[in-house]
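Q: Next comes the structure file coords-v2.cif, holding mmCIF, C-alpha atoms.
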data_query
#
loop_
_atom_site.label_atom_id
_atom_site.label_comp_id
_atom_site.auth_asym_id
_atom_site.auth_seq_id
_atom_site.Cartn_x
_atom_site.Cartn_y
_atom_site.Cartn_z
CA MET A 1 16.38 16.06 -26.47
CA THR A 2 12.87 14.92 -27.28
CA LYS A 3 9.95 17.33 -27.02
CA LEU A 4 6.92 16.25 -25.01
CA THR A 5 3.68 18.11 -24.42
CA PHE A 6 1.46 17.57 -21.40
CA ILE A 7 -2.01 19.05 -21.45
CA ALA A 8 -3.34 19.44 -17.92
CA HIS A 9 -7.02 18.86 -17.22
CA ASP A 10 -7.67 22.64 -17.23
CA GLY A 11 -6.13 22.88 -20.70
CA THR A 12 -2.76 24.34 -19.67
CA ARG A 13 0.04 23.17 -21.98
CA PHE A 14 3.42 22.11 -20.68
CA ASP A 15 6.07 21.80 -23.41
CA VAL A 16 9.12 20.09 -22.00
CA ASP A 17 12.46 18.76 -23.19
CA ALA A 18 12.89 15.14 -22.19
CA GLU A 19 15.95 12.97 -22.12
CA ASN A 20 15.76 9.71 -24.08
CA GLY A 21 15.47 6.73 -21.75
CA SER A 22 13.63 8.68 -19.06
CA THR A 23 9.94 7.96 -18.51
CA VAL A 24 7.14 10.31 -19.46
CA MET A 25 6.10 10.30 -15.77
CA GLU A 26 9.56 11.47 -14.62
CA ASN A 27 9.31 14.43 -16.98
CA ALA A 28 5.88 15.34 -15.67
CA ILE A 29 7.17 15.32 -12.08
CA ARG A 30 10.36 17.25 -12.99
CA ASN A 31 8.25 19.92 -14.65
CA ALA A 32 5.54 19.96 -11.96
CA VAL A 33 2.71 19.04 -14.33
CA PRO A 34 -0.44 19.13 -12.17
CA GLY A 35 -2.48 15.94 -11.94
CA ILE A 36 0.38 13.44 -12.19
CA GLU A 37 0.86 12.04 -8.70
CA ALA A 38 3.10 8.99 -9.27
CA GLU A 39 2.62 7.80 -5.69
CA CYS A 40 4.71 4.64 -6.07
CA GLY A 41 7.63 6.42 -7.72
CA GLY A 42 7.44 4.57 -11.02
CA ALA A 43 7.25 0.94 -9.93
CA CYS A 44 4.02 0.33 -11.89
CA ALA A 45 2.47 -0.34 -8.48
CA CYS A 46 -0.25 2.34 -8.39
CA ALA A 47 -2.25 4.03 -11.11
CA THR A 48 -1.66 7.67 -10.28
CA CYS A 49 0.37 8.70 -13.34
CA HIS A 50 -2.46 7.82 -15.73
CA VAL A 51 -2.51 9.79 -19.00
CA TYR A 52 -4.43 9.74 -22.27
CA VAL A 53 -2.12 9.47 -25.26
CA ASP A 54 -3.13 11.79 -28.12
CA GLU A 55 -4.91 9.76 -30.82
CA ALA A 56 -2.20 10.67 -33.38
CA TRP A 57 0.38 8.99 -31.16
CA THR A 58 -1.27 5.80 -29.89
CA ALA A 59 0.26 3.56 -32.57
CA GLU A 60 3.80 4.85 -32.00
CA VAL A 61 3.52 4.72 -28.19
CA GLY A 62 2.11 1.21 -28.30
CA GLU A 63 -0.07 -0.91 -26.05
CA PRO A 64 0.37 -1.42 -22.31
CA GLU A 65 1.89 -4.68 -21.13
CA ALA A 66 -0.11 -7.07 -18.95
CA MET A 67 1.16 -5.68 -15.64
CA GLU A 68 0.31 -2.13 -16.67
CA GLU A 69 -3.18 -3.25 -17.79
CA ASP A 70 -3.62 -4.76 -14.33
CA MET A 71 -2.77 -1.44 -12.74
CA LEU A 72 -5.01 0.50 -15.11
CA ASP A 73 -7.91 -1.44 -13.56
CA PHE A 74 -7.53 0.95 -10.60
CA ALA A 75 -7.52 4.15 -12.62
CA TYR A 76 -10.39 6.58 -13.21
CA ASP A 77 -12.20 6.65 -16.55
CA VAL A 78 -9.88 4.37 -18.45
CA GLN A 79 -10.05 4.82 -22.25
CA PRO A 80 -8.55 2.81 -25.09
CA ASN A 81 -5.72 5.40 -25.26
CA SER A 82 -5.00 5.22 -21.51
CA ARG A 83 -1.44 4.53 -20.38
CA LEU A 84 0.54 4.83 -17.19
CA SER A 85 3.15 7.46 -17.96
CA CYS A 86 5.80 5.69 -15.86
CA GLN A 87 5.72 2.88 -18.39
CA ILE A 88 6.37 5.02 -21.49
CA LYS A 89 10.07 5.46 -22.21
CA VAL A 90 11.10 8.58 -24.09
CA ARG A 91 12.86 7.93 -27.42
CA ASP A 92 13.54 9.80 -30.67
CA ALA A 93 10.41 8.44 -32.34
CA LEU A 94 8.26 10.09 -29.65
CA ASP A 95 9.51 13.63 -30.49
CA GLY A 96 6.39 15.81 -30.35
CA LEU A 97 4.33 13.36 -28.25
CA VAL A 98 1.19 14.84 -26.71
CA VAL A 99 -0.47 13.35 -23.62
CA ARG A 100 -3.48 14.59 -21.66
CA VAL A 101 -3.90 14.40 -17.90
CA PRO A 102 -7.25 12.99 -16.71
CA ALA A 103 -9.67 14.82 -14.42
CA ARG A 104 -8.46 12.83 -11.46
CA GLN A 105 -6.07 10.06 -10.51
CA GLY A 106 -8.23 7.37 -8.92
CA MET B 1 -10.92 -7.55 29.13
CA THR B 2 -8.44 -9.48 27.05
CA ALA B 3 -5.01 -10.35 28.44
CA ILE B 4 -2.44 -7.60 28.12
CA ILE B 5 0.49 -8.51 25.88
CA LYS B 6 3.69 -7.21 27.43
CA THR B 7 6.90 -6.63 25.51
CA ASP B 8 9.99 -4.43 25.68
CA VAL B 9 9.43 -2.86 22.30
CA LEU B 10 6.26 -2.61 20.25
CA ILE B 11 7.03 -2.06 16.58
CA VAL B 12 4.24 -0.66 14.45
CA GLY B 13 4.79 -1.97 10.93
CA ALA B 14 6.52 -5.15 9.77
CA GLY B 15 8.15 -3.78 6.62
CA PRO B 16 11.90 -4.15 6.01
CA VAL B 17 12.85 -1.42 8.47
CA GLY B 18 10.54 -2.69 11.22
CA LEU B 19 11.98 -6.18 10.71
CA PHE B 20 15.58 -5.01 10.90
CA ALA B 21 14.77 -3.04 14.07
CA VAL B 22 14.19 -6.45 15.71
CA PHE B 23 17.81 -7.32 14.92
CA GLU B 24 19.38 -4.16 16.30
CA LEU B 25 17.14 -4.16 19.38
CA GLY B 26 17.75 -7.88 19.84
CA LEU B 27 21.50 -7.39 20.04
CA PHE B 28 20.73 -5.30 23.13
CA ASP B 29 18.42 -8.00 24.57
CA MET B 30 15.20 -6.15 23.91
CA LYS B 31 12.21 -8.34 23.03
CA CYS B 32 10.05 -7.11 20.16
CA HIS B 33 6.43 -7.51 19.11
CA LEU B 34 5.38 -6.29 15.67
CA ILE B 35 1.88 -5.28 14.58
CA ASP B 36 0.93 -4.96 10.93
CA ILE B 37 -2.30 -4.27 9.05
CA LEU B 38 -1.34 -6.79 6.37
CA ASP B 39 -1.64 -10.55 6.86
CA ARG B 40 2.11 -11.15 6.47
CA PRO B 41 5.45 -9.44 6.99
CA GLY B 42 7.17 -7.26 4.40
CA GLY B 43 5.05 -4.13 4.10
CA GLN B 44 5.22 -2.46 0.70
CA CYS B 45 7.94 -4.90 -0.40
CA ALA B 46 5.52 -7.79 0.03
CA GLU B 47 2.31 -6.04 -0.95
CA LEU B 48 3.25 -3.72 -3.81
CA TYR B 49 6.30 -5.11 -5.58
CA PRO B 50 7.40 -8.53 -4.26
CA GLU B 51 8.99 -9.60 -7.54
CA LYS B 52 10.74 -6.32 -8.37
CA PRO B 53 14.49 -6.25 -7.98
CA ILE B 54 16.02 -3.70 -5.59
CA TYR B 55 19.51 -2.55 -6.58
CA ASP B 56 20.60 -0.40 -3.66
CA ILE B 57 20.77 -2.83 -0.76
CA PRO B 58 24.46 -2.87 0.21
CA GLY B 59 26.05 -6.20 -0.60
CA TRP B 60 23.19 -7.28 -2.86
CA PRO B 61 23.72 -6.14 -6.45
CA SER B 62 20.13 -7.21 -7.05
CA ILE B 63 17.57 -8.75 -4.73
CA SER B 64 13.81 -9.10 -5.16
CA ALA B 65 11.71 -7.25 -2.61
CA GLN B 66 10.26 -10.53 -1.32
CA GLY B 67 13.76 -12.01 -1.30
CA LEU B 68 14.90 -9.18 0.97
CA VAL B 69 11.96 -9.75 3.31
CA ASP B 70 12.74 -13.48 3.47
CA LYS B 71 16.39 -12.78 4.27
CA LEU B 72 15.44 -10.28 6.99
CA LEU B 73 13.10 -12.83 8.58
CA GLU B 74 15.94 -15.34 8.58
CA GLN B 75 18.30 -12.76 10.07
CA ILE B 76 15.97 -11.82 12.95
CA ALA B 77 14.76 -15.37 13.70
CA PRO B 78 17.27 -15.84 16.60
CA PHE B 79 15.52 -13.01 18.47
CA LYS B 80 12.11 -14.75 18.26
CA PRO B 81 10.00 -11.70 17.48
CA GLU B 82 6.23 -11.99 17.93
CA PHE B 83 3.85 -10.86 15.19
CA THR B 84 0.26 -9.70 15.24
CA TYR B 85 -1.18 -9.37 11.72
CA ASN B 86 -4.36 -7.88 10.27
CA ARG B 87 -4.47 -5.22 12.95
CA MET B 88 -4.25 -1.48 12.96
CA VAL B 89 -3.00 0.29 16.09
CA SER B 90 -5.57 2.72 17.40
CA GLY B 91 -5.10 4.18 20.89
CA LEU B 92 -1.95 5.09 22.77
CA GLU B 93 -1.66 6.15 26.39
CA ARG B 94 1.30 6.72 28.64
CA LEU B 95 1.26 4.80 31.94
CA GLU B 96 2.54 6.06 35.28
CA ASP B 97 5.81 4.12 35.04
CA GLY B 98 6.55 5.80 31.69
CA SER B 99 5.68 2.79 29.55
CA PHE B 100 3.00 2.82 26.87
CA ARG B 101 -0.35 1.08 26.48
CA VAL B 102 -1.32 0.60 22.83
CA THR B 103 -4.64 -0.79 21.64
CA THR B 104 -5.63 -2.15 18.23
CA ASP B 105 -8.79 -1.91 16.16
CA GLU B 106 -9.73 -5.36 17.48
CA ASN B 107 -9.21 -4.28 21.10
CA GLU B 108 -6.00 -6.13 21.84
CA VAL B 109 -3.94 -4.36 24.50
CA PHE B 110 -0.16 -4.12 24.43
CA GLU B 111 2.16 -2.68 27.03
CA ALA B 112 5.68 -1.74 26.01
CA LYS B 113 8.54 0.30 27.36
CA ILE B 114 9.29 1.59 23.88
CA VAL B 115 7.13 2.18 20.81
CA VAL B 116 8.83 2.20 17.42
CA ILE B 117 6.75 3.50 14.55
CA ALA B 118 7.98 1.87 11.34
CA ALA B 119 4.75 2.35 9.46
CA GLY B 120 6.19 3.34 6.06
CA GLY B 121 3.60 5.20 4.02
CA GLY B 122 0.95 4.40 6.60
CA SER B 123 -1.42 1.49 6.95
CA PHE B 124 -2.83 -0.21 3.88
CA GLN B 125 -6.53 0.45 3.51
CA PRO B 126 -8.97 -0.39 0.72
CA LYS B 127 -8.80 2.14 -2.03
CA ARG B 128 -11.94 4.11 -2.79
CA PRO B 129 -12.88 3.30 -6.38
CA PRO B 130 -13.10 6.12 -8.92
CA ILE B 131 -16.92 6.19 -8.82
CA PRO B 132 -18.34 9.69 -8.40
CA GLY B 133 -20.73 10.10 -5.47
CA ILE B 134 -19.87 6.82 -3.74
CA GLU B 135 -19.12 8.31 -0.30
CA PRO B 136 -22.68 8.49 1.14
CA TYR B 137 -23.19 4.78 0.44
CA GLU B 138 -20.01 3.58 2.14
CA GLY B 139 -20.63 1.40 5.17
CA LYS B 140 -24.38 1.28 4.39
CA SER B 141 -24.65 -0.43 1.03
CA VAL B 142 -21.12 -0.16 -0.36
CA PHE B 143 -18.55 -2.30 1.47
CA TYR B 144 -14.84 -2.82 0.91
CA SER B 145 -14.64 -6.16 2.66
CA VAL B 146 -16.99 -8.98 3.62
CA ARG B 147 -17.30 -9.37 7.37
CA ARG B 148 -20.41 -11.54 7.29
CA MET B 149 -21.77 -13.22 4.18
CA GLU B 150 -25.28 -12.98 5.63
CA ASP B 151 -25.18 -9.20 5.11
CA PHE B 152 -25.49 -9.89 1.39
CA ARG B 153 -28.35 -12.40 1.53
CA GLY B 154 -31.20 -11.57 -0.81
CA HIS B 155 -29.46 -8.53 -2.29
CA ASP B 156 -28.76 -7.49 -5.85
CA LEU B 157 -25.01 -7.51 -5.55
CA VAL B 158 -22.57 -5.76 -7.86
CA ILE B 159 -18.92 -6.69 -7.45
CA VAL B 160 -16.37 -4.47 -9.17
CA GLY B 161 -12.81 -5.51 -9.96
CA GLY B 162 -10.71 -8.15 -11.65
CA GLY B 163 -8.43 -9.50 -8.94
CA ASP B 164 -8.70 -12.47 -6.61
CA SER B 165 -10.88 -10.68 -4.04
CA ALA B 166 -13.44 -9.75 -6.68
CA LEU B 167 -13.55 -13.23 -8.22
CA ASP B 168 -13.51 -15.11 -4.89
CA TRP B 169 -16.42 -13.12 -3.51
CA THR B 170 -18.32 -13.39 -6.78
CA LEU B 171 -18.15 -17.18 -6.47
CA ASN B 172 -18.73 -17.31 -2.71
CA LEU B 173 -21.63 -14.88 -2.54
CA GLN B 174 -23.44 -16.15 -5.63
CA PRO B 175 -25.45 -18.76 -3.62
CA VAL B 176 -26.38 -16.14 -1.01
CA ALA B 177 -27.23 -13.04 -3.02
CA LYS B 178 -30.43 -12.57 -5.04
CA SER B 179 -28.32 -11.66 -8.08
CA VAL B 180 -24.63 -11.13 -8.71
CA THR B 181 -23.15 -8.91 -11.41
CA LEU B 182 -19.39 -8.82 -11.77
CA VAL B 183 -18.12 -5.64 -13.43
CA HIS B 184 -14.59 -5.40 -14.77
CA ARG B 185 -13.29 -3.01 -17.41
CA ARG B 186 -11.88 -5.76 -19.64
CA PRO B 187 -12.32 -9.50 -20.18
CA GLU B 188 -8.81 -10.27 -18.84
CA PHE B 189 -8.43 -10.82 -15.10
CA ARG B 190 -5.64 -10.62 -12.57
CA ALA B 191 -7.34 -13.34 -10.54
CA ALA B 192 -6.41 -17.02 -10.52
CA PRO B 193 -7.41 -18.62 -13.87
CA ASP B 194 -9.34 -21.34 -12.03
CA SER B 195 -11.67 -18.78 -10.42
CA VAL B 196 -12.12 -17.01 -13.74
CA ASN B 197 -13.10 -20.28 -15.43
CA LYS B 198 -15.60 -21.04 -12.67
CA MET B 199 -17.09 -17.57 -13.05
CA TYR B 200 -17.50 -18.01 -16.83
CA ALA B 201 -19.09 -21.42 -16.26
CA MET B 202 -21.62 -19.90 -13.87
CA GLN B 203 -22.31 -17.11 -16.34
CA GLU B 204 -22.95 -19.77 -18.98
CA MET B 205 -25.54 -21.33 -16.65
CA LYS B 206 -27.08 -17.89 -16.07
CA GLN B 207 -26.25 -18.01 -12.36
CA LEU B 208 -24.50 -14.67 -12.53
CA GLU B 209 -23.79 -11.81 -14.92
CA PHE B 210 -20.40 -10.62 -16.06
CA GLN B 211 -20.38 -7.13 -17.52
CA VAL B 212 -17.38 -5.56 -19.21
CA GLY B 213 -17.27 -1.88 -18.30
CA GLN B 214 -16.66 0.72 -15.65
CA VAL B 215 -19.13 1.90 -13.01
CA THR B 216 -19.66 5.59 -13.71
CA GLY B 217 -22.61 6.42 -11.46
CA LEU B 218 -24.91 5.24 -8.69
CA THR B 219 -28.56 5.82 -7.90
CA GLY B 220 -30.21 5.51 -4.54
CA ALA B 221 -31.12 7.53 -1.45
CA ASP B 222 -30.14 7.78 2.22
CA GLY B 223 -27.13 5.57 1.73
CA GLN B 224 -29.20 2.77 0.20
CA LEU B 225 -28.21 1.89 -3.35
CA ALA B 226 -30.82 1.15 -5.99
CA SER B 227 -28.79 0.76 -9.16
CA ALA B 228 -25.38 1.14 -10.74
CA ILE B 229 -24.71 2.80 -14.08
CA ILE B 230 -22.15 0.85 -16.06
CA LYS B 231 -20.37 2.30 -19.07
CA GLY B 232 -19.73 -0.67 -21.32
CA PRO B 233 -18.63 -1.22 -24.90
CA GLU B 234 -22.22 -0.65 -26.11
CA GLY B 235 -22.94 2.42 -24.01
CA ASP B 236 -24.47 2.92 -20.59
CA ILE B 237 -26.56 0.26 -18.91
CA GLU B 238 -28.32 0.37 -15.55
CA VAL B 239 -28.08 -2.67 -13.30
CA PRO B 240 -30.16 -3.22 -10.15
CA CYS B 241 -27.81 -2.96 -7.21
CA THR B 242 -28.61 -2.87 -3.50
CA ARG B 243 -25.16 -3.91 -2.33
CA MET B 244 -21.82 -3.15 -3.92
CA LEU B 245 -18.37 -4.58 -3.24
CA PRO B 246 -15.64 -2.64 -5.06
CA PHE B 247 -12.14 -4.17 -4.99
CA PHE B 248 -9.70 -1.54 -6.19
CA GLY B 249 -6.59 -2.50 -4.32
CA LEU B 250 -5.06 -0.80 -1.34
CA THR B 251 -3.79 2.64 -0.53
CA MET B 252 -1.77 3.90 2.42
CA LYS B 253 -3.01 6.24 5.14
CA LEU B 254 -1.33 7.39 8.37
CA GLY B 255 -4.48 6.46 10.29
CA PRO B 256 -4.93 6.77 14.06
CA ILE B 257 -1.20 7.42 14.65
CA ALA B 258 -2.01 10.97 13.58
CA GLU B 259 -4.00 11.31 16.83
CA TRP B 260 -1.21 10.22 19.14
CA GLY B 261 -0.13 13.75 20.00
CA LEU B 262 3.15 13.54 18.13
CA ASN B 263 4.39 16.53 16.18
CA LEU B 264 3.74 15.97 12.48
CA HIS B 265 5.30 17.38 9.33
CA GLU B 266 3.01 16.86 6.30
CA ASN B 267 1.82 13.46 7.57
CA LEU B 268 5.38 12.44 8.46
CA ILE B 269 6.81 12.25 11.97
CA PRO B 270 9.76 14.54 12.67
CA VAL B 271 12.62 12.92 14.59
CA ASP B 272 16.11 13.91 15.68
CA THR B 273 19.00 12.30 13.82
CA GLU B 274 20.85 11.03 16.88
CA LYS B 275 18.13 8.82 18.33
CA PHE B 276 15.32 8.98 15.76
CA GLN B 277 13.03 9.84 18.62
CA THR B 278 9.72 11.69 18.08
CA SER B 279 8.50 14.65 20.11
CA VAL B 280 7.41 12.12 22.76
CA PRO B 281 10.35 10.48 24.59
CA GLY B 282 10.17 6.71 24.31
CA ILE B 283 8.38 6.80 20.95
CA PHE B 284 10.70 6.46 17.97
CA ALA B 285 9.96 6.68 14.25
CA VAL B 286 12.10 4.98 11.61
CA GLY B 287 11.95 4.40 7.87
CA ASP B 288 9.69 6.14 5.37
CA ILE B 289 7.33 7.49 8.04
CA ASN B 290 9.88 9.80 9.66
CA TRP B 291 11.22 13.15 8.58
CA TYR B 292 14.40 15.07 9.28
CA PRO B 293 16.46 17.50 7.20
CA GLY B 294 17.98 15.58 4.31
CA LYS B 295 15.72 12.54 4.77
CA LEU B 296 15.84 10.00 1.94
CA LYS B 297 13.10 7.39 1.72
CA LEU B 298 15.48 4.49 1.18
CA ILE B 299 15.45 1.10 2.86
CA LEU B 300 19.17 1.48 3.58
CA SER B 301 18.56 4.78 5.40
CA GLY B 302 15.97 2.99 7.55
CA PHE B 303 18.53 0.32 8.44
CA HIS B 304 20.94 3.01 9.66
CA GLU B 305 18.16 4.69 11.62
CA VAL B 306 17.22 1.55 13.57
CA ALA B 307 20.84 0.95 14.62
CA LEU B 308 21.03 4.36 16.28
CA MET B 309 17.49 4.11 17.61
CA ALA B 310 18.36 0.83 19.36
CA GLN B 311 21.11 2.53 21.38
CA ALA B 312 18.70 5.20 22.60
CA ALA B 313 15.99 2.62 23.32
CA LYS B 314 18.42 0.56 25.42
CA ARG B 315 19.11 3.58 27.63
CA ILE B 316 15.39 3.82 28.37
CA VAL B 317 14.78 0.08 28.86
CA SER B 318 17.89 -0.47 31.04
CA PRO B 319 18.63 2.87 32.66
CA GLY B 320 22.09 3.19 34.17
CA GLU B 321 23.46 0.16 32.35
CA ARG B 322 26.66 0.83 30.44
CA ILE B 323 26.26 0.27 26.73
CA VAL B 324 29.24 -1.51 25.24
CA PHE B 325 29.80 -1.02 21.54
CA GLN B 326 30.52 -4.39 19.93
CA TYR B 327 30.92 -5.96 16.50
CA THR B 328 29.02 -9.11 15.52
CA THR B 329 32.22 -10.33 13.82
CA SER B 330 34.23 -10.46 17.05
CA SER B 331 31.90 -10.33 20.04
CA THR B 332 31.23 -13.73 21.60
CA SER B 333 28.30 -12.35 23.55
CA LEU B 334 26.60 -11.04 20.38
CA GLN B 335 27.34 -14.30 18.60
CA LYS B 336 25.67 -16.22 21.42
CA LYS B 337 22.54 -14.08 21.00
CA LEU B 338 22.60 -14.86 17.28
CA GLY B 339 22.96 -18.55 18.07
CA VAL B 340 26.11 -18.92 15.97
CA VAL B 341 28.33 -20.07 18.89
CA ASP B 342 27.47 -22.20 21.92
#
Turn the structure described in the file into structure tokens.
A:
Amino acid sequence: MTKLTFIAHDGTRFDVDAENGSTVMENAIRNAVPGIEAECGGACACATCHVYVDEAWTAEVGEPEAMEEDMLDFAYDVQPNSRLSCQIKVRDALDGLVVRVPARQG
Amino acid sequence: MTAIIKTDVLIVGAGPVGLFAVFELGLFDMKCHLIDILDRPGGQCAELYPEKPIYDIPGWPSISAQGLVDKLLEQIAPFKPEFTYNRMVSGLERLEDGSFRVTTDENEVFEAKIVVIAAGGGSFQPKRPPIPGIEPYEGKSVFYSVRRMEDFRGHDLVIVGGGDSALDWTLNLQPVAKSVTLVHRRPEFRAAPDSVNKMYAMQEMKQLEFQVGQVTGLTGADGQLASAIIKGPEGDIEVPCTRMLPFFGLTMKLGPIAEWGLNLHENLIPVDTEKFQTSVPGIFAVGDINWYPGKLKLILSGFHEVALMAQAAKRIVSPGERIVFQYTTSSTSLQKKLGVVD
């Protein structure tokens, strides 16, 4: 199991155990993290699972692919560390990953 | 008054489930007319993820969403369904003979014995961009589509977005507007490369401005915009703006169907699981828009729903007629309807 931490917009921490191969979004939904809507169910077809990756983790998590960048165009207050959480796959190297939930999804 | 379009069954929504309803209803000789807010069939499959493979369509280990739509269109072609695109249904009234009169946002009038709501997640509508305080300007100086280019003549126009709509209108409105500023959060675009090149060429000739950034605020009063605040790589800048066109894609809303007097369950339409009929006899709901205990929002569940719905619809359209259960593999009469035997 890989540990993930979600920090909701109000500062509440959610420490969760995630299965490798699942997406960060799926773990947010499973653990009812507020502010992750994931309207399209993980098809990279909306921008409602937008998160900010903690600065310490941006290099390991990596850059969004072109299709994800296209979707991020629709998100609110996009930052250089913005990602769609449905496009981040959990793996051993992400043990301890911290992501923050933005003020709003779109 | 425009001519009334009469049909046996009016299907609201031309997504995969609405399309397959044509097949099941067609086997029982019911003529269908479909209305959709999009400009083509396929619903979410066509609009949101045409190239994505779907893995749970029985008999298709993998099929692209657009591929499924194409196959469905081929499958229902023998029944010659009629389509009305770019329309949202608005009003519904029940006539004395028990049939329904349905109107659209462009005032077309349909009369049908049966209404099948196959509207998925609702109708696609322009998404409100994530710009705080935009609401009071909507419909007055912020528009989500261009109805008449003249409405933009002489204005300081800001267009926001990086897709084809944003680029096309940037190029088309440039000769009309007083000034055009295109705002997109990055220098890469989703739009056709040709349009992007034209835009850069016009920027080179100082015919328009392209600003990398995100609109974070608006100034103005009484619905009339004065300027837009753009957060760019070098901080905030203020751009004169008396008209704005944001293009942030589409979202889905139930829309006027919510006012049809049907029972609702969290924006979904409860149905029974024998007929998939709503609380109003003669109006059915199938696919993602309906709700019943155990409901799964799967295309294959919608296909099952329309098969049962068609039986119930036939009883209303042809009262007293005996319904014979037949297989397409062995029934000559069904095969004739499908055009596979003479």
Q: Care to translate the PyMOL selection byres ((chain A and resi 28-33) around 9) into actual residues of this file, as a ChimeraX atom specification?
A: /A:6-8,14,16,23-27,34-38,49,85,101
Q: Identify all chain B residues at most 8 Å from chain A by counting only C-alpha atoms; ligands do not count. Present them as a ChimeraX atom specification.
A: /B:48-49,128-131,161-162,184-185,189-190,214,248-249
Q: Between CA of Arg153 (chain B) and CA of Lys206 (chain B), what distance in Å does the model show, to one decimal?
A: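 We find that CA of Arg153 (chain B) and CA of Lys206 (chain B) lie 18.5 Å from each other.
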Q: Can you tell me, as a list in words, what residues are no more than 12 Å from Phe325 (chain B) when counting only C-alpha atoms, ignoring any on the same chain fewer than 2 positions away?
A: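 Near neighbours after the sequence-gap exclusion: Leu27, Phe28, Ala307, Leu308, Ala310, Gln311, Arg322, Ile323, Tyr327, Thr328, Ser330, Ser331, Ser333 and Leu334 of chain B.
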Q: May I ask for the distance between CA of Pro80 (chain A) and CA of Leu4 (chain A), given in Å to one decimal place?
A: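 Going from CA of Pro80 (chain A) over to CA of Leu4 (chain A) covers 20.5 Å.
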Q: Please expand the PyMOL selection byres ((chain B and resi 10-17) around 6) into the concrete residues it hits in this file, giving the result as an MDAnalysis selection string.
A: chainID B and resid 9 18:20 32:36 41:43 112 115:119 287 302:303
Q: Spell out the residues picked by the PyMOL selection byres ((chain A and resi 95) around 7) here, as number ranges by chain.
A: A: 2-4, 92-94, 96-97
Q: How many Å separate CA of Arg315 (chain B) from CA of Leu95 (chain B)?
A: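 So the answer is 18.4 Å.
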Q: Set the distance at 9 Å and use only C-alpha atoms: which residues neighbour Asp39 (chain B) once local chain neighbours fewer than 4 positions away are removed? I'd like the list as a list in words.
A: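 Listing them by chain and then by number gives Thr84, Tyr85, Asn86 and Arg87 of chain B.
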Q: How big is the axis-aligned box around the listed atoms of region 321-335 of chain B once 6 Å is added on each side, and where is its centre? Give both in Å to one decimal, as JSON.
A:
{"center_x": 28.8, "center_y": -6.7, "center_z": 23.1, "size_x": 22.8, "size_y": 27.1, "size_z": 30.5}
Q: Identify, on the basis of all atoms listed in the file, every residue whose closest approach to Arg100 (chain A) does not exceed 9 Å; exclude the query and any residue fewer than 5 positions from it along the same chain; express the result as a PyMOL selection string.
A: chain A and resi 5-9+11+51-54
